[in-house]
>>> print(open('query.cif').read())   # mmCIF, C-alpha atoms
data_run
#
loop_
_atom_site.label_atom_id
_atom_site.label_comp_id
_atom_site.auth_asym_id
_atom_site.auth_seq_id
_atom_site.Cartn_x
_atom_site.Cartn_y
_atom_site.Cartn_z
CA MET A 1 -53.50 4.95 -56.14
CA ILE A 2 -52.03 6.69 -53.12
CA LEU A 3 -48.28 6.39 -52.59
CA ASP A 4 -47.20 4.82 -49.32
CA PHE A 5 -43.44 5.32 -49.63
CA GLN A 6 -41.47 8.20 -51.08
CA MET A 7 -37.81 8.93 -51.63
CA ASN A 8 -36.44 12.34 -52.55
CA SER A 9 -32.85 13.15 -53.26
CA LEU A 10 -31.14 16.41 -54.17
CA VAL A 11 -27.46 16.88 -54.89
CA THR A 12 -26.15 20.39 -55.44
CA VAL A 13 -22.72 21.58 -56.54
CA GLU A 14 -21.38 25.10 -56.06
CA PRO A 15 -18.00 26.79 -56.38
CA LEU A 16 -16.72 28.49 -53.23
CA GLY A 17 -13.84 30.27 -54.96
CA GLN A 18 -10.12 29.61 -55.39
CA GLY A 19 -10.81 26.16 -56.83
CA LEU A 20 -12.79 24.92 -53.84
CA TRP A 21 -16.18 23.28 -54.56
CA ARG A 22 -18.96 22.30 -52.18
CA VAL A 23 -21.15 19.28 -52.92
CA THR A 24 -24.22 18.73 -50.76
CA ALA A 25 -26.21 15.49 -51.06
CA ARG A 26 -29.57 15.27 -49.31
CA TYR A 27 -31.51 12.01 -49.06
CA ASP A 28 -34.93 11.61 -47.51
CA ASP A 29 -37.29 8.63 -47.43
CA ASN A 30 -39.83 7.28 -44.92
CA LEU A 31 -37.12 5.47 -42.94
CA PHE A 32 -33.91 7.42 -43.42
CA ALA A 33 -32.80 11.01 -43.99
CA ALA A 34 -29.32 12.46 -44.14
CA GLU A 35 -27.33 15.39 -45.47
CA LEU A 36 -23.78 14.88 -46.64
CA GLY A 37 -21.37 17.73 -47.29
CA LEU A 38 -18.07 17.51 -49.14
CA GLU A 39 -15.60 20.26 -49.97
CA ILE A 40 -13.31 19.37 -52.82
CA GLN A 41 -10.28 21.26 -54.10
CA LEU A 42 -9.32 21.58 -57.76
CA PRO A 43 -7.13 20.77 -59.62
CA ALA A 44 -6.22 17.64 -57.63
CA LEU A 45 -9.90 17.03 -56.79
CA ASP A 46 -9.02 15.97 -53.26
CA ILE A 47 -11.56 16.10 -50.43
CA LYS A 48 -10.76 18.86 -47.93
CA ARG A 49 -13.77 18.43 -45.65
CA ALA A 50 -16.47 15.79 -45.24
CA GLY A 51 -19.42 15.68 -42.89
CA ILE A 52 -22.64 13.72 -42.50
CA ASP A 53 -25.74 14.66 -40.55
CA VAL A 54 -28.13 11.71 -40.14
CA LYS A 55 -31.53 13.24 -39.49
CA ARG A 56 -33.66 10.08 -39.43
CA ASP A 57 -32.70 6.41 -39.07
CA VAL A 58 -35.80 4.45 -38.12
CA VAL A 59 -34.06 1.06 -38.33
CA GLY A 60 -31.11 2.43 -36.33
CA LEU A 61 -28.29 0.59 -38.09
CA VAL A 62 -26.16 3.50 -39.35
CA PRO A 63 -23.19 3.87 -36.96
CA ASP A 64 -21.37 7.03 -35.90
CA LEU A 65 -19.32 7.94 -38.95
CA SER A 66 -17.28 10.87 -37.65
CA ASN A 67 -14.00 8.93 -37.96
CA ALA A 68 -14.89 7.68 -41.43
CA MET A 69 -15.72 11.22 -42.55
CA ALA A 70 -12.37 12.46 -41.19
CA ASN A 71 -10.64 9.66 -43.10
CA LEU A 72 -12.22 10.84 -46.35
CA VAL A 73 -10.05 13.97 -46.24
CA GLY A 74 -7.36 13.55 -48.88
CA VAL A 75 -9.32 11.04 -50.98
CA ARG A 76 -9.42 12.13 -54.61
CA VAL A 77 -12.38 12.22 -56.94
CA GLY A 78 -11.38 10.11 -59.93
CA GLN A 79 -10.20 6.66 -60.89
CA GLY A 80 -10.28 4.14 -58.02
CA MET A 81 -12.53 6.26 -55.81
CA THR A 82 -15.24 3.60 -55.55
CA LYS A 83 -12.97 1.06 -53.87
CA ILE A 84 -11.47 3.67 -51.54
CA VAL A 85 -14.83 5.13 -50.46
CA ARG A 86 -16.29 1.65 -49.92
CA GLY A 87 -13.26 0.83 -47.74
CA VAL A 88 -13.31 4.06 -45.74
CA VAL A 89 -17.06 4.58 -45.26
CA GLY A 90 -18.70 1.23 -46.02
CA GLY A 91 -18.08 -2.33 -44.87
CA SER A 92 -19.01 -4.15 -41.68
CA ASP A 93 -17.98 -1.28 -39.34
CA GLY A 94 -19.31 1.47 -41.58
CA SER A 95 -22.36 2.31 -43.64
CA ASP A 96 -22.79 1.14 -47.22
CA ARG A 97 -25.75 3.47 -47.74
CA VAL A 98 -23.71 6.51 -46.67
CA ALA A 99 -20.86 5.24 -48.88
CA ASP A 100 -23.40 5.30 -51.74
CA LEU A 101 -24.23 8.90 -50.85
CA VAL A 102 -20.54 9.88 -50.85
CA MET A 103 -20.07 8.20 -54.25
CA GLU A 104 -23.08 10.00 -55.66
CA ALA A 105 -21.79 13.36 -54.40
CA MET A 106 -18.38 12.73 -56.00
CA GLU A 107 -19.97 11.68 -59.30
CA MET A 108 -22.13 14.81 -59.34
CA LEU A 109 -19.01 16.97 -59.06
CA ILE A 110 -17.67 15.21 -62.17
CA ASN A 111 -21.00 15.89 -63.89
CA ALA A 112 -20.88 19.54 -62.85
CA LEU A 113 -17.36 19.92 -64.26
CA THR A 114 -18.46 18.24 -67.50
CA VAL A 115 -21.58 20.37 -68.05
CA PRO A 116 -19.73 23.43 -69.47
CA GLN A 117 -18.10 21.26 -72.18
CA LEU A 118 -21.44 19.71 -73.13
CA LYS A 119 -23.09 23.13 -73.15
CA GLN A 120 -20.32 24.40 -75.42
CA ALA A 121 -20.80 21.44 -77.78
CA MET A 122 -24.52 22.28 -77.90
CA GLU A 123 -23.76 25.91 -78.67
CA VAL A 124 -21.20 25.39 -81.44
CA ALA A 125 -22.32 22.10 -83.00
CA SER A 126 -25.98 21.48 -82.37
CA THR A 127 -28.69 20.35 -84.67
CA GLU A 128 -32.46 20.85 -84.64
CA ILE A 129 -34.66 18.01 -83.49
CA GLN A 130 -38.34 17.24 -83.19
CA TYR A 131 -38.68 14.09 -81.11
CA HIS A 132 -41.92 12.18 -81.72
CA ARG A 133 -42.56 11.63 -78.00
CA ASP A 134 -41.95 15.28 -77.22
CA GLY A 135 -44.84 17.73 -77.42
CA PRO A 136 -47.47 17.96 -78.88
CA LYS A 137 -47.82 21.43 -77.35
CA VAL A 138 -44.57 21.94 -75.44
CA TYR A 139 -41.24 20.65 -76.76
CA LEU A 140 -38.42 20.10 -74.28
CA ASN A 141 -35.85 19.31 -76.99
CA ASP A 142 -35.39 21.91 -79.70
CA ARG A 143 -31.69 21.23 -80.33
CA VAL A 144 -29.28 18.39 -79.54
CA THR A 145 -25.55 17.92 -79.97
CA GLY A 146 -24.75 17.34 -83.65
CA ASP A 147 -23.52 14.01 -85.02
CA ASP A 148 -19.97 15.24 -85.69
CA ALA A 149 -19.57 16.52 -82.13
CA VAL A 150 -20.99 13.26 -80.75
CA LYS A 151 -18.46 11.28 -82.81
CA LEU A 152 -15.68 13.49 -81.50
CA MET A 153 -16.82 13.03 -77.90
CA ALA A 154 -17.06 9.26 -78.43
CA GLN A 155 -13.30 9.21 -78.99
CA ASN A 156 -12.81 10.11 -75.33
CA PRO A 157 -11.97 6.78 -73.64
CA ARG A 158 -14.20 7.71 -70.66
CA LEU A 159 -17.21 8.15 -72.93
CA LYS A 160 -16.55 5.55 -75.64
CA ASP A 161 -19.23 2.83 -75.45
CA SER A 162 -20.38 4.22 -72.07
CA CYS A 163 -24.00 4.53 -73.27
CA VAL A 164 -26.14 4.26 -76.38
CA ALA A 165 -25.17 7.77 -77.52
CA PHE A 166 -21.47 6.90 -77.76
CA ALA A 167 -21.68 3.24 -78.82
CA GLY A 168 -20.49 1.90 -82.17
CA LEU A 169 -19.06 5.20 -83.41
CA ASP A 170 -15.56 3.97 -84.23
CA THR A 171 -15.58 5.12 -87.83
CA MET B 172 -23.89 30.47 -56.94
CA LEU B 173 -25.22 26.99 -57.61
CA THR B 174 -23.82 25.56 -60.86
CA TYR B 175 -25.34 22.09 -60.93
CA SER B 176 -28.09 20.17 -59.21
CA ARG B 177 -29.73 16.79 -59.65
CA MET B 178 -33.13 15.93 -58.23
CA LYS B 179 -34.57 12.44 -58.01
CA SER B 180 -38.01 11.61 -56.70
CA VAL B 181 -39.43 8.11 -56.32
CA GLY B 182 -42.89 6.97 -55.20
CA VAL B 183 -44.07 3.45 -54.39
CA GLN B 184 -47.59 2.08 -54.36
CA LYS B 185 -49.14 -1.28 -53.52
CA GLN B 186 -51.68 -2.50 -56.06
CA GLY B 187 -53.42 -5.49 -54.46
CA GLU B 188 -51.57 -8.26 -52.65
CA GLU B 189 -49.24 -9.22 -55.48
CA ARG B 190 -48.37 -6.09 -57.43
CA ARG B 191 -46.05 -3.25 -56.47
CA VAL B 192 -45.53 -0.22 -58.70
CA VAL B 193 -42.78 2.37 -58.47
CA SER B 194 -42.38 5.56 -60.46
CA GLY B 195 -39.29 7.73 -60.54
CA VAL B 196 -38.19 11.00 -62.07
CA LEU B 197 -34.70 12.47 -62.47
CA GLU B 198 -33.91 16.02 -63.50
CA ASP B 199 -30.64 17.91 -63.73
CA GLU B 200 -29.08 20.57 -65.97
CA LEU B 201 -28.74 18.19 -68.90
CA TYR B 202 -31.33 15.47 -68.53
CA ALA B 203 -34.91 14.79 -67.56
CA MET B 204 -36.24 11.25 -67.48
CA GLU B 205 -38.80 9.05 -65.84
CA CYS B 206 -39.39 5.36 -65.35
CA GLU B 207 -42.18 3.15 -64.06
CA ILE B 208 -41.67 -0.41 -62.91
CA ALA B 209 -44.20 -3.06 -61.88
CA VAL B 210 -43.06 -5.99 -59.76
CA ASN B 211 -44.80 -9.23 -58.82
CA TRP B 212 -44.08 -9.28 -55.10
CA SER B 213 -44.57 -13.00 -54.47
CA THR B 214 -41.78 -13.84 -56.94
CA LEU B 215 -39.90 -10.49 -56.66
CA THR B 216 -39.92 -10.42 -60.46
CA ILE B 217 -39.98 -7.27 -62.58
CA GLU B 218 -43.06 -7.63 -64.77
CA ALA B 219 -43.05 -4.37 -66.71
CA VAL B 220 -40.74 -1.43 -67.32
CA GLN B 221 -41.48 1.89 -68.99
CA ALA B 222 -38.63 4.31 -69.45
CA ARG B 223 -38.94 7.75 -71.00
CA MET B 224 -36.16 10.12 -71.91
CA LYS B 225 -37.79 13.54 -71.61
CA ARG B 226 -34.88 15.94 -72.08
CA PHE B 227 -31.54 14.80 -73.47
CA THR B 228 -28.34 15.89 -75.23
CA THR B 229 -28.04 13.72 -78.36
CA LYS B 230 -30.60 12.37 -80.81
CA ARG B 231 -29.45 8.83 -79.96
CA CYS B 232 -30.35 9.18 -76.26
CA PRO B 233 -34.02 8.13 -76.72
CA LEU B 234 -32.80 4.78 -78.12
CA ALA B 235 -32.11 3.93 -74.46
CA GLU B 236 -35.83 3.64 -73.77
CA GLU B 237 -36.05 0.23 -75.43
CA VAL B 238 -32.94 -1.09 -73.69
CA PHE B 239 -34.51 -0.88 -70.23
CA VAL B 240 -37.37 -3.18 -71.21
CA LYS B 241 -34.77 -5.98 -71.05
CA ALA B 242 -35.13 -5.89 -67.25
CA GLU B 243 -38.58 -7.49 -67.53
CA GLY B 244 -38.22 -10.94 -65.97
CA TRP B 245 -35.28 -9.95 -63.75
CA LYS B 246 -35.61 -10.41 -59.99
CA LEU B 247 -34.98 -8.05 -57.08
CA GLY B 248 -31.85 -9.28 -55.31
CA PRO B 249 -28.17 -8.79 -54.63
CA ASP B 250 -27.00 -8.77 -58.27
CA LEU B 251 -29.72 -6.47 -59.61
CA ASP B 252 -27.81 -3.17 -59.20
CA SER B 253 -24.78 -4.36 -61.14
CA ARG B 254 -26.92 -5.92 -63.88
CA ILE B 255 -28.86 -2.68 -64.34
CA LYS B 256 -25.71 -0.54 -64.37
CA LYS B 257 -23.58 -2.81 -66.57
CA GLU B 258 -26.10 -4.40 -68.93
CA LEU B 259 -28.61 -1.57 -69.24
CA GLY B 260 -26.62 1.52 -68.28
CA ARG B 261 -23.85 0.91 -70.79
CA ALA B 262 -26.15 -0.23 -73.58
CA GLY B 263 -28.74 2.46 -72.81
CA CYS B 264 -28.24 5.38 -70.45
CA ARG B 265 -26.15 5.56 -67.27
CA HIS B 266 -28.45 8.17 -65.76
CA MET B 267 -31.59 6.13 -66.34
CA ALA B 268 -29.78 3.12 -64.82
CA ILE B 269 -29.12 5.13 -61.65
CA LEU B 270 -32.80 6.09 -61.46
CA MET B 271 -33.89 2.50 -62.00
CA VAL B 272 -31.56 1.25 -59.24
CA ASP B 273 -33.10 3.81 -56.88
CA CYS B 274 -36.62 2.75 -57.90
CA CYS B 275 -35.96 -0.94 -57.30
CA ARG B 276 -34.32 -0.36 -53.93
CA ALA B 277 -37.22 1.90 -52.90
CA LEU B 278 -39.63 -0.96 -53.66
CA ALA B 279 -37.83 -3.23 -51.18
CA ARG B 280 -37.51 -0.52 -48.52
CA ALA B 281 -41.18 0.39 -48.96
CA GLU B 282 -42.21 -3.18 -48.26
CA PHE B 283 -40.26 -3.18 -45.01
CA ALA B 284 -41.70 0.23 -44.05
CA ARG B 285 -45.21 -1.10 -44.74
CA ASP B 286 -44.55 -4.17 -42.55
CA LEU B 287 -43.07 -2.00 -39.79
CA THR B 288 -46.08 0.33 -39.78
CA ALA B 289 -48.47 -2.64 -39.55
CA ALA B 290 -46.44 -4.36 -36.82
CA ARG B 291 -46.21 -1.21 -34.70
CA GLU B 292 -49.98 -0.84 -34.79
CA GLN B 293 -50.04 -4.07 -32.77
CA GLU B 294 -46.84 -3.44 -30.79
CA PRO B 295 -45.93 0.28 -30.71
CA ASN B 296 -42.50 -0.25 -29.12
CA LEU B 297 -41.39 -2.97 -31.51
CA ASP B 298 -37.67 -2.72 -32.29
CA ALA B 299 -37.27 -2.25 -36.05
CA LYS B 300 -34.14 -4.45 -35.97
CA VAL B 301 -36.21 -7.39 -34.69
CA LEU B 302 -38.69 -6.99 -37.52
CA LEU B 303 -35.83 -6.61 -40.00
CA GLU B 304 -34.49 -10.05 -38.99
CA ASP B 305 -37.92 -11.54 -39.56
CA PHE B 306 -38.28 -9.68 -42.88
CA CYS B 307 -34.91 -10.92 -44.14
CA GLY B 308 -35.90 -14.45 -43.13
CA ARG B 309 -39.01 -14.17 -45.29
CA TYR B 310 -37.15 -12.50 -48.17
CA PRO B 311 -33.56 -13.83 -48.07
CA ASP B 312 -32.82 -12.34 -51.51
CA LEU B 313 -33.49 -8.87 -50.09
CA ALA B 314 -31.27 -9.23 -46.99
CA GLY B 315 -28.23 -7.62 -48.57
CA TYR B 316 -30.26 -5.54 -50.97
CA LEU B 317 -32.13 -3.31 -48.52
CA ARG B 318 -28.89 -1.66 -47.41
CA PHE B 319 -30.30 -0.14 -44.22
CA ARG B 320 -26.83 0.06 -42.68
#
>>> encode(input="query.cif", output="C-alpha cells")
Amino acid sequence: MILDFQMNSLVTVEPLGQGLWRVTARYDDNLFAAELGLEIQLPALDIKRAGIDVKRDVVGLVPDLSNAMANLVGVRVGQGMTKIVRGVVGGSDGSDRVADLVMEAMEMLINALTVPQLKQAMEVASTEIQYHRDGPKVYLNDRVTGDDAVKLMAQNPRLKDSCVAFAGLDT
Amino acid sequence: MLTYSRMKSVGVQKQGEERRVVSGVLEDELYAMECEIAVNWSTLTIEAVQARMKRFTTKRCPLAEEVFVKAEGWKLGPDLDSRIKKELGRAGCRHMAILMVDCCRALARAEFARDLTAAREQEPNLDAKVLLEDFCGRYPDLAGYLRFR
C-alpha cells in the first residue's frame, strides 16, 4: 500500500568547543516543517542561544516565536525543564508543537552526554548475545551490557525502574 | 564533529474506509527499533501493535516488545501520550514509547491532511483553519491531540 503521509525527524548533537554544544532538531511532515537550533553550555547546561525556523505550516497556527526563543536563554537542561519550556514556548500564546521540539532537543543532549558512559560499560563489562529475532544472516547485536553492569546502573535513581532493563533489580 | 544523532521516520497508510496503519522506525547511536500500529478509524481504537527492538544495549531490552501490545484496545485521544509514556515506557522502553507517540499523532495528522487534500480539490482556496474546525467537530477526541499550534 502506498503511504499518503510521512513524518521525518532528525536531531543532531555536536560539541562546538569550550563546553558549548549545538543541538539541531529538524521536523518535516506533509503539513509542517521546522528546524530548531539550541546552543547549550556545560557544565551548567544552560541555553545560550535558541532559534526556530518554520519552513512549512499549512494550517497556519504556529505564531511568531522570536520572543519565546529569546526567553529560552538561561533555561537549564535538567530537572523541571518540562514545566519551564511548556510555560515559555507552549500555552495559548505559544506553540505546544514547538515546545515538544525544544524538549526533544534538550533530551537528546542528555542522551548524547550519556552515550560515552554506556559505551564504556559495553567495552568493560559486556557479554555475548545471540537474540532469536536477530539474524539469520546479519546480527545487529553481538554484545550487550553485562548483568553486573546493568545492576550497577539500576542503582542510579534516574535509571531505577525507568524501563524494563532496570526494573526489579533491587537485590 | 557530530557525536550523536537520532532519526525517526513514520509512514501512514489508509487500508479501506475503516483501517489506518502506521509504521515507524527509530535509530540512534544506541538503539534501533520499529513499530507498526493498526487503528480502527471509526472508533479511533488501536487494534494491533507490533514492536520490535532491533538493536539494543541490554539483554532485557527485547522484553519491552510484549509490553507495547497492552496498547491494543486503547483509543486515540488527549490522554494517549501520557498513558504510552507512563504505562508502557516505564514498563517497557522509553525510546519505543516516544516512537509510538509519534506514530499515533501522525495517524491523526494524516487523516486531517487527507481531508484537506480532498476538500481543496473542490475548493482550492479553502482555509485550512476552517476545515480544522469542522474536523475537530467530527472528531472531538482529536481536537487537543492534533497539536497543530
>>> resolve_selection(input="query.cif", expression="the PyMOL selection byres ((chain A) within 6 of (chain B))", output="PDB file with C-alpha atoms, in the frame of the given file")
ATOM      1  CA  LEU A   3     -48.280   6.390 -52.590  1.00  0.00           C
ATOM      2  CA  ASP A   4     -47.200   4.820 -49.320  1.00  0.00           C
ATOM      3  CA  PHE A   5     -43.440   5.320 -49.630  1.00  0.00           C
ATOM      4  CA  GLN A   6     -41.470   8.200 -51.080  1.00  0.00           C
ATOM      5  CA  MET A   7     -37.810   8.930 -51.630  1.00  0.00           C
ATOM      6  CA  ASN A   8     -36.440  12.340 -52.550  1.00  0.00           C
ATOM      7  CA  SER A   9     -32.850  13.150 -53.260  1.00  0.00           C
ATOM      8  CA  LEU A  10     -31.140  16.410 -54.170  1.00  0.00           C
ATOM      9  CA  VAL A  11     -27.460  16.880 -54.890  1.00  0.00           C
ATOM     10  CA  THR A  12     -26.150  20.390 -55.440  1.00  0.00           C
ATOM     11  CA  VAL A  13     -22.720  21.580 -56.540  1.00  0.00           C
ATOM     12  CA  GLU A  14     -21.380  25.100 -56.060  1.00  0.00           C
ATOM     13  CA  VAL A  59     -34.060   1.060 -38.330  1.00  0.00           C
ATOM     14  CA  LEU A  61     -28.290   0.590 -38.090  1.00  0.00           C
ATOM     15  CA  VAL A  62     -26.160   3.500 -39.350  1.00  0.00           C
ATOM     16  CA  SER A  95     -22.360   2.310 -43.640  1.00  0.00           C
ATOM     17  CA  ALA A 112     -20.880  19.540 -62.850  1.00  0.00           C
ATOM     18  CA  LEU A 140     -38.420  20.100 -74.280  1.00  0.00           C
ATOM     19  CA  VAL A 144     -29.280  18.390 -79.540  1.00  0.00           C
ATOM     20  CA  THR A 145     -25.550  17.920 -79.970  1.00  0.00           C
ATOM     21  CA  SER A 162     -20.380   4.220 -72.070  1.00  0.00           C
ATOM     22  CA  CYS A 163     -24.000   4.530 -73.270  1.00  0.00           C
ATOM     23  CA  VAL A 164     -26.140   4.260 -76.380  1.00  0.00           C
ATOM     24  CA  ALA A 165     -25.170   7.770 -77.520  1.00  0.00           C
TER      25      ALA A 165
END
>>> closest_residue(input="query.cif", among="B:Asp250, B:Glu218, B:Glu205, B:Asp286", to="Gly315 in chain B", atoms="all atoms listed in the file")
B:Asp250
>>> closest_residue(input="query.cif", among="A:Met108, A:Pro43, A:Asp100, A:Asp53", to="Val272 in chain B", atoms="only C-alpha atoms")
A:Asp100
>>> atom_distance(input="query.cif", atom1="CA of Ala154 in chain A", atom2="CA of Glu236 in chain B")
20.1 Å
>>> residues_around(input="query.cif", residues="Leu109 in chain A", least_positions_apart="6", cutoff="12 Å", atoms="only C-alpha atoms", output="count of residues only")
30
>>> atom_distance(input="query.cif", atom1="CA of Met81 in chain A", atom2="CA of Ser253 in chain B")
17.1 Å
>>> resolve_selection(input="query.cif", expression="the PyMOL selection byres ((chain B and resi 240) around 9)", output="list of chain:residue names")
B:Ala219, B:Val220, B:Gln221, B:Ala222, B:Glu236, B:Glu237, B:Val238, B:Phe239, B:Lys241, B:Ala242, B:Glu243
>>> atom_distance(input="query.cif", atom1="CA of Leu251 in chain B", atom2="CA of Glu189 in chain B")
20.1 Å
